[in-house]
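Worksheet: the structure to be examined is printed underneath.
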Amino acid sequence: MNRDMSTAPLRKWSAAGAIGIVLLAALAVLPFYTRATADPFLLTLASRILIFAIAALSLNLILGYGGLVSFGHALYLGLGVYAAVIPSFHGMDNGWLQLLIAVLACGVTGLVTGAIALRTQGISFIMITLAFAQMFFFLFVSLSQYGGDDGLRLASGSNFSGVLLTEPRTLYFSAFLVLCFSLYGCHRLVHARFGLVVRGAKSNEKRMRALGFPTFRYRLALYVISAILCGVAGLLYGNLTQFGSPSYMSWTTSGELIVMVMLGGMGTLFGPLYGALAMILTEEGLKSITEHWMVIFGPLIVLLITVSRLGIAGLLQARDGDGAGPARGGTRETAWAPPALDNDSQPANNTEAKEPT
Amino acid sequence: MRVPETALSLTLFVIQSLNGLQLGVLLFLMAAGLTLVFGIMNFVNLAHGSMYMMGAFFAASLYQYTGSFLMAALLLAPAMLALGLAVEWVALRKLYQRDHLDQVLATFGLILFFNELARILWGPSPYYMEVPEFLSGAVDLFGIRYPAYRLLIIAAGLLVALGCYVLIHRSRIGMLIRAGATNRSMVGVLGVNIVLLNSLLFGLGAVLAGLAGLLAGPIMSVQAGMGEPILILTMVVIVIGGIGSIRGAFYASLIVGVVDTLGRTLLPALLRSVLERSSADIAGPALASMMIYLLMAVVLAIKPQGLFPVRNA
């Protein structure tokens with residue numbers, strides 16, 4: 001059962017990781033292709049995929065690694081959008097300040113709502129995160145001076161020391177860079193001691209508490225980090241759509257983010273990117289077939305869950321030729337339970353580490 | 001003659017309290033089914049709001065077709081039972097043993113499906129359902145005139161609450177349901193068809209949600225997506241009441257209904273007397289729409305299990 005993916009840095013090339021890197025490389029050169037073909041639609045679509053990949057990655061931190069099913073993560077996406085839209089409405093288009101506002105707003109909101117929500121578990125946690133997101137949704141609906149239900153146009157793009165974020169290629173590369181940094185940060189975070197504690201709490205909270213870890217504090221910290229990252233994605237999204245609307249923090253957006261994480265593969269590094277890519281492309285594909293695309297899309301989600309719980313990255317990993325192949329037969333828990341906390345795998349880990357010497 | 005201001009505000013208060021009670025009763029019809037399915041089958045059913053929406057659409061169509069509100073109500077029950085059982089059988093039965101995340105997502109998919117289906121079948125614009133003629137008048141309640149139809153909603157809801165209590169606590173089926181909640185496999189081993197029991201429970205939840213849809217039809221517009229706002233309110237209700245507890249759902253429904261309605265009418269006026277008019281006009285509606293969520297946050301901060309926690313949960 002010991003796949004050793006989680007303690008050591010990426011030593012062996014896994015299929016999921018390799019495809020992820022190739023995908024990133026392809027995304028890096030995409031703007032040059034769209035410039036050649038002069039296709040603005042493709043670049044916008046790709047920017048949307050990148051931004052949602054960042055948001056899904058932030059959700060994956062708490063959902064996939066922390067085991068906290070938040071059904072209100074779109075709240076932070078929406079807060080990020082409004083962190084760009086509202087200041088620019090008041091004539092303040094300084095991007096750095098807007099970024100600071102997004103980080104502070106999401107951080108504080110995440111801290112307060114997280115501290116309450118994390119007191120509960122299971123179904124209650126799902127409901128509470130949903131209810132908090134709805135609370136802010138209705139708050140922004142009732143703020144009529146900022147457009148209320150109708151939303152508000154972005155008066156002028158976020159200005160990062162002269163660089164305007166609304167310029168399509170600038171936005172694309174910014175989103176791409178943020179995604180790359182978040183992927184790296186996520187990789188480091190979940191393999192650090194902090195990440196091990198959080199993942200340990202996911203597989204067995206009682207044991208972690210018995211070992212003396214204040215799991216609540218670790219989870220709250222993870223929740224706040226995730227909220228802030230999602231807020232940054234929101235700031236980018238606000239510049240992409242150049243519009244702020246309460247619908248960005250609606251529960252459907254939260255649901256879509258969860259679908260992306262599940263579709264890509266929970267608790268995997270590149271899963272959110274695969275998920276965002278697959279989901280947005282499917283959505284666009286279905287939209288081109290019929291106006292009532294959700295009639296097909298809804299049952300597709302049900303089917304996806306009934307048939308496979310591994311997601312794209314999980315299926316790639318299962319295909320990865322390594323003897324035990326735990327992901328195929330095993331449950332999700334075993335597929336990425338931290339080996340260091342597993343009694344059986346502890347000795348195996350040590351011997352493996354000694355082998356090269 | 002000028003009506004004294006205190007009398008006017010008292011009238012307003014009573015009427016709004018009754019409106020709150022009426023919302024609470026509707027919420028209870030939703031919450032009863034949802035909390036039973038949660039508490040007993042340990043299943044998160046977000047598609048419960050879709051059952052409410054389908055109930056409202058079915059009722060509107062049946063009412064239009066038969067021309068009789070009572071007839072529509074009678075025909076609605078078997079239709080909702082069939083819909084509930086079909087959904088359970090086709091999509092959800094396989095997910096009982098899965099974790100909550102899978103259930104949330106699958107039922108999320110169902111919501112998207114039903115909303116779009118309603119849009120295809122009944123069109124995107126709201127559908128209006130008239131208040132039945134014999135209930136269109138107003139009733140004189142100690143000098144306060146209140147619409148008869150809304151009183152009917154309150155009465156019907158309280159009747160259903162009583163029926164639920166008798167069913168769960170006084171009948172054989174209710175005993176089996178409670179036993180199933182405590183130890184599912186043991187009840188199965190004793191020769192009770194627990195799968196059938198769960199299906200029936202799910203069907204019952206769908207019928208109650210459909211009934212809520214029928215009752216709400218004439219006072220709210222019937223349209224695709226109408227199920228989600230009430231679903232989220234219902235979730236607040238069952239979280240406050242304690243998941244799985246019918247009694248908790250009942251009290252929490254009334255609390256949420258009254259707090260929400262009174263908050264929306266009284267809070268802006270109250271703020272206006274404290275703050276300046278311009279800032280009160282901004283803060284009032286915003287605070288009012290957040291009230292019940294704040295209430296929930298307070299309840300959870302004090303009692304994370306809800307007001308009436310189920311002991312064996």
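By order in the structure tokens, chains are A, B, ...; within a chain, residues start at 1; ligands start at 1, following the order shown.
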Mind running chain B against chain A at 7 Å and telling me each contacting residue's nearest atom pair with the distance in Å (one decimal), counting only C-alpha atoms, chain and number ascending, as CSV?
```
residue,atom,partner,partner_atom,distance
B:His100,CA,A:Ile123,CA,6.9
B:Leu101,CA,A:Val69,CA,6.6
B:Asp102,CA,A:Ile305,CA,6.3
B:Leu105,CA,A:Val259,CA,7.0
B:Ala106,CA,A:Val302,CA,4.5
B:Phe108,CA,A:Gly255,CA,6.9
B:Gly109,CA,A:Gly298,CA,3.9
B:Leu110,CA,A:Gly298,CA,5.7
B:Leu112,CA,A:Gly298,CA,5.2
B:Phe113,CA,A:Val295,CA,4.6
B:Glu116,CA,A:Val295,CA,5.6
B:Leu117,CA,A:Val295,CA,6.4
B:Ile232,CA,A:Ala131,CA,6.8
B:Met235,CA,A:Met127,CA,6.3
B:Val236,CA,A:Ala131,CA,6.9
B:Val239,CA,A:Ser124,CA,6.4
B:Ile282,CA,A:Leu143,CA,6.9
B:Pro285,CA,A:Ser142,CA,6.1
B:Ala286,CA,A:Leu139,CA,5.1
B:Ser289,CA,A:Phe138,CA,6.1
B:Met290,CA,A:Met135,CA,5.4
B:Tyr293,CA,A:Met135,CA,6.2
B:Ala297,CA,A:Ile116,CA,6.8
B:Ala301,CA,A:Ile116,CA,6.1
B:Pro304,CA,A:Thr120,CA,5.8
```
Quick one: residues within 9 Å of Ala16 (chain A), only C-alpha atoms counted, chain neighbours fewer than 2 positions away excluded, as an mmCIF file with C-alpha atoms, in the first residue's frame?
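Writing done, so here's part19.cif:
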```
data_model
loop_
_atom_site.group_PDB
_atom_site.id
_atom_site.type_symbol
_atom_site.label_atom_id
_atom_site.label_comp_id
_atom_site.auth_asym_id
_atom_site.auth_seq_id
_atom_site.Cartn_x
_atom_site.Cartn_y
_atom_site.Cartn_z
ATOM 1 C CA TRP A 13 7.833 10.241 -12.903
ATOM 2 C CA SER A 14 4.218 9.341 -12.445
ATOM 3 C CA ALA A 18 4.260 13.940 -16.387
ATOM 4 C CA ILE A 19 1.030 14.731 -18.214
ATOM 5 C CA GLY A 20 0.528 17.666 -15.879
ATOM 6 C CA ILE A 21 3.941 19.107 -16.773
ATOM 7 C CA THR A 268 -3.809 14.997 -6.219
ATOM 8 C CA LEU A 269 -1.529 17.832 -7.255
ATOM 9 C CA PHE A 270 -2.614 18.229 -10.875
ATOM 10 C CA GLY A 271 -6.158 17.001 -10.324
ATOM 11 C CA ILE A 312 -8.729 11.744 -13.964
ATOM 12 C CA ALA A 313 -5.500 11.938 -11.962
ATOM 13 C CA GLY A 314 -6.564 8.932 -9.908
ATOM 14 C CA LEU A 315 -7.209 6.878 -13.028
ATOM 15 C CA LEU A 316 -3.818 7.891 -14.427
ATOM 16 C CA GLN A 317 -2.171 6.867 -11.172
ATOM 17 C CA ASP A 320 0.765 3.717 -13.487
#
```
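Note that the spacing between CA of Gly213 (chain B) and CA of His48 (chain B) amounts to 11.1 Å.
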Based on the backbone DSSP call, show me all residues of region 160-355 of chain A assigned alpha helix (DSSP H), as a count of residues only.
142
Near region 37-47 of chain A, 10 Å: region 215-305 of chain A residue rows, closest pairs, only C-alpha atoms, as CSV:
```
residue,atom,partner,partner_atom,distance
A:Leu236,CA,A:Ser47,CA,9.2
A:Tyr237,CA,A:Ser47,CA,8.7
A:Leu240,CA,A:Thr44,CA,7.6
A:Thr241,CA,A:Thr44,CA,9.2
A:Leu277,CA,A:Ala46,CA,8.5
A:Ile280,CA,A:Leu45,CA,8.3
A:Leu281,CA,A:Leu45,CA,8.7
A:Glu284,CA,A:Leu45,CA,9.2
```
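The space separating CA of Leu254 (chain B) from CA of Leu200 (chain B) comes to 26.4 Å.
For Phe243 (chain A), the list of residues within 7 Å, based on only C-alpha atoms and with local chain neighbours fewer than 2 positions off taken out, reads Leu152, Arg153, Leu154, Gly238, Thr241 and Ser245 of chain A.
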Taking the DSSP assignment computed from this structure's backbone, write out as JSON, numbers by chain all residues of region 30-263 of chain B that belong to strand (DSSP E).
{"B": [138, 139, 140, 141, 144, 145, 146, 147]}
Excluding same-chain residues fewer than 6 positions from Glu88 (chain B), what lies within 10 Å of it counting only C-alpha atoms, as a list in words?
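Non-adjacent residues within range: Ala82, Lys94, Leu95, Asn198, Ser199, Leu200, Phe202 and Gly203 of chain B.
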For CA of Ser156 (chain A) and CA of Asp93 (chain A), determine how far apart the two atoms are, in Å to one decimal place.
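For CA of Ser156 (chain A) relative to CA of Asp93 (chain A), the distance reads 6.5 Å.
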List the neighbours of Leu75 (chain B) out to 12 Å using only C-alpha atoms; skip same-chain residues closer than 6 positions along the sequence, and give me the result as a VMD selection string.
chain B and resid 55 58 to 63 65 to 66 68 to 69 81 to 82 207 210 to 211 214
How would the residues just picked look written out with N, CA and C atoms as an mmCIF file, in the first residue's frame?
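In the end it all went to part17.cif:
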```cif
data_model
loop_
_atom_site.group_PDB
_atom_site.id
_atom_site.type_symbol
_atom_site.label_atom_id
_atom_site.label_comp_id
_atom_site.auth_asym_id
_atom_site.auth_seq_id
_atom_site.Cartn_x
_atom_site.Cartn_y
_atom_site.Cartn_z
ATOM 1 N N GLY B 55 -43.062 19.599 -7.316
ATOM 2 C CA GLY B 55 -44.376 19.578 -6.687
ATOM 3 C C GLY B 55 -45.186 20.800 -7.079
ATOM 4 N N PHE B 58 -46.111 20.464 -10.821
ATOM 5 C CA PHE B 58 -47.151 19.444 -10.976
ATOM 6 C C PHE B 58 -48.486 20.006 -10.509
ATOM 7 N N ALA B 59 -48.459 20.640 -9.320
ATOM 8 C CA ALA B 59 -49.693 21.162 -8.740
ATOM 9 C C ALA B 59 -50.305 22.214 -9.657
ATOM 10 N N ALA B 60 -49.446 23.112 -10.175
ATOM 11 C CA ALA B 60 -49.959 24.166 -11.053
ATOM 12 C C ALA B 60 -50.606 23.560 -12.292
ATOM 13 N N SER B 61 -49.938 22.552 -12.867
ATOM 14 C CA SER B 61 -50.488 21.927 -14.073
ATOM 15 C C SER B 61 -51.772 21.174 -13.765
ATOM 16 N N LEU B 62 -51.765 20.429 -12.650
ATOM 17 C CA LEU B 62 -52.949 19.646 -12.284
ATOM 18 C C LEU B 62 -54.128 20.567 -11.989
ATOM 19 N N TYR B 63 -53.831 21.670 -11.319
ATOM 20 C CA TYR B 63 -54.867 22.638 -10.969
ATOM 21 C C TYR B 63 -55.475 23.213 -12.237
ATOM 22 N N TYR B 65 -55.461 21.832 -15.148
ATOM 23 C CA TYR B 65 -56.086 20.769 -15.933
ATOM 24 C C TYR B 65 -57.434 20.369 -15.341
ATOM 25 N N THR B 66 -57.470 20.179 -14.006
ATOM 26 C CA THR B 66 -58.697 19.701 -13.378
ATOM 27 C C THR B 66 -59.607 20.852 -12.973
ATOM 28 N N SER B 68 -59.687 22.124 -10.150
ATOM 29 C CA SER B 68 -60.036 22.032 -8.736
ATOM 30 C C SER B 68 -58.773 21.906 -7.899
ATOM 31 N N PHE B 69 -58.653 22.772 -6.898
ATOM 32 C CA PHE B 69 -57.458 22.779 -6.060
ATOM 33 C C PHE B 69 -57.354 21.477 -5.258
ATOM 34 N N LEU B 81 -45.013 10.748 -4.912
ATOM 35 C CA LEU B 81 -44.494 9.477 -4.403
ATOM 36 C C LEU B 81 -43.768 8.738 -5.524
ATOM 37 N N ALA B 82 -44.405 8.706 -6.701
ATOM 38 C CA ALA B 82 -43.804 8.015 -7.840
ATOM 39 C C ALA B 82 -42.484 8.677 -8.223
ATOM 40 N N VAL B 207 -43.221 13.488 -1.016
ATOM 41 C CA VAL B 207 -44.623 13.911 -0.951
ATOM 42 C C VAL B 207 -44.757 15.174 -0.097
ATOM 43 N N GLY B 210 -43.456 18.030 -2.024
ATOM 44 C CA GLY B 210 -44.433 18.369 -3.054
ATOM 45 C C GLY B 210 -45.599 19.143 -2.472
ATOM 46 N N LEU B 211 -46.032 18.730 -1.273
ATOM 47 C CA LEU B 211 -47.126 19.427 -0.590
ATOM 48 C C LEU B 211 -46.727 20.872 -0.297
ATOM 49 N N LEU B 214 -47.033 22.705 -3.459
ATOM 50 C CA LEU B 214 -48.446 22.983 -3.764
ATOM 51 C C LEU B 214 -48.940 24.184 -2.971
#
```
Which of B:Val104, B:Leu21, B:Met30, B:Ala47 sits closest to Gly205 (chain B) [using only C-alpha atoms]
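Counting only C-alpha atoms, the residue closest to Gly205 (chain B) is B:Met30.
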Please identify all polymer residues within 12 Å of Trp96 (chain A), counting only C-alpha atoms, omitting same-chain residues fewer than 6 positions from it, and present them as a list in words.
Ala83, Ala84, Pro87, Ala102, Val103, Gly157, Ser158, Asn159, Phe160, Ser161, Gly162, Val163, Leu164, Leu165, Val232 and Leu235 of chain A
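Take the candidates A:Leu257, A:Leu30, A:Leu229, A:Val198 and check each one against Phe181 (chain A) using only C-alpha atoms; the shortest distance goes to A:Leu229.
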Select, from A:Ser254, A:Ser288, A:Gln242, A:Thr215, the residue with the minimum atom-to-atom distance to Gly66 (chain A), counting only C-alpha atoms.
A:Thr215
Contacts of region 241-251 of chain B at 8 Å or less, counting only C-alpha atoms, minus same-chain residues fewer than 6 places along, as a short mmCIF file (atom, residue, chain, number, x, y, z; two decimals) with N, CA and C atoms, in the first residue's frame?
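Output (out.cif):
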```
data_model
loop_
_atom_site.label_atom_id
_atom_site.label_comp_id
_atom_site.auth_asym_id
_atom_site.auth_seq_id
_atom_site.Cartn_x
_atom_site.Cartn_y
_atom_site.Cartn_z
N SER A 124 -23.05 18.63 8.86
CA SER A 124 -23.20 19.99 9.36
C SER A 124 -22.18 20.92 8.73
N PHE B 28 -41.12 23.66 7.63
CA PHE B 28 -41.19 22.39 8.35
C PHE B 28 -41.54 21.25 7.39
N ALA B 31 -38.38 20.47 5.87
CA ALA B 31 -37.36 20.00 6.80
C ALA B 31 -37.67 18.60 7.31
N ALA B 32 -38.96 18.28 7.46
CA ALA B 32 -39.32 16.96 7.99
C ALA B 32 -38.73 15.87 7.10
N THR B 35 -34.73 16.00 7.10
CA THR B 35 -34.06 15.59 8.33
C THR B 35 -34.23 14.10 8.57
N LEU B 36 -35.37 13.53 8.14
CA LEU B 36 -35.55 12.08 8.29
C LEU B 36 -34.57 11.33 7.41
N VAL B 37 -34.45 11.79 6.16
CA VAL B 37 -33.54 11.12 5.24
C VAL B 37 -32.09 11.27 5.72
N PHE B 38 -31.77 12.47 6.24
CA PHE B 38 -30.44 12.70 6.83
C PHE B 38 -30.20 11.82 8.01
N GLY B 39 -31.13 11.90 8.97
CA GLY B 39 -30.89 11.29 10.26
C GLY B 39 -30.95 9.78 10.19
N ILE B 40 -31.83 9.26 9.34
CA ILE B 40 -32.06 7.83 9.37
C ILE B 40 -31.27 7.11 8.30
N ALA B 161 -47.51 18.26 10.82
CA ALA B 161 -46.56 18.08 11.93
C ALA B 161 -47.11 17.06 12.92
N TYR B 165 -45.64 13.34 13.88
CA TYR B 165 -45.38 12.91 15.25
C TYR B 165 -46.04 11.56 15.51
N GLN B 305 -24.15 20.75 18.01
CA GLN B 305 -25.02 19.65 17.57
C GLN B 305 -26.43 20.14 17.24
N GLY B 306 -26.70 21.43 17.41
CA GLY B 306 -28.04 21.94 17.20
C GLY B 306 -28.81 21.98 18.50
N LEU B 307 -30.02 22.57 18.42
CA LEU B 307 -30.79 22.77 19.65
C LEU B 307 -31.32 21.46 20.23
N PHE B 308 -31.71 20.53 19.36
CA PHE B 308 -32.26 19.26 19.83
C PHE B 308 -31.45 18.11 19.25
N PRO B 309 -30.26 17.89 19.77
CA PRO B 309 -29.41 16.87 19.18
C PRO B 309 -30.02 15.48 19.34
N VAL B 310 -29.81 14.63 18.33
CA VAL B 310 -30.27 13.25 18.42
C VAL B 310 -29.20 12.46 19.14
N ALA B 313 -26.93 9.74 17.24
CA ALA B 313 -26.37 10.09 15.93
C ALA B 313 -24.86 9.91 15.87
#
```
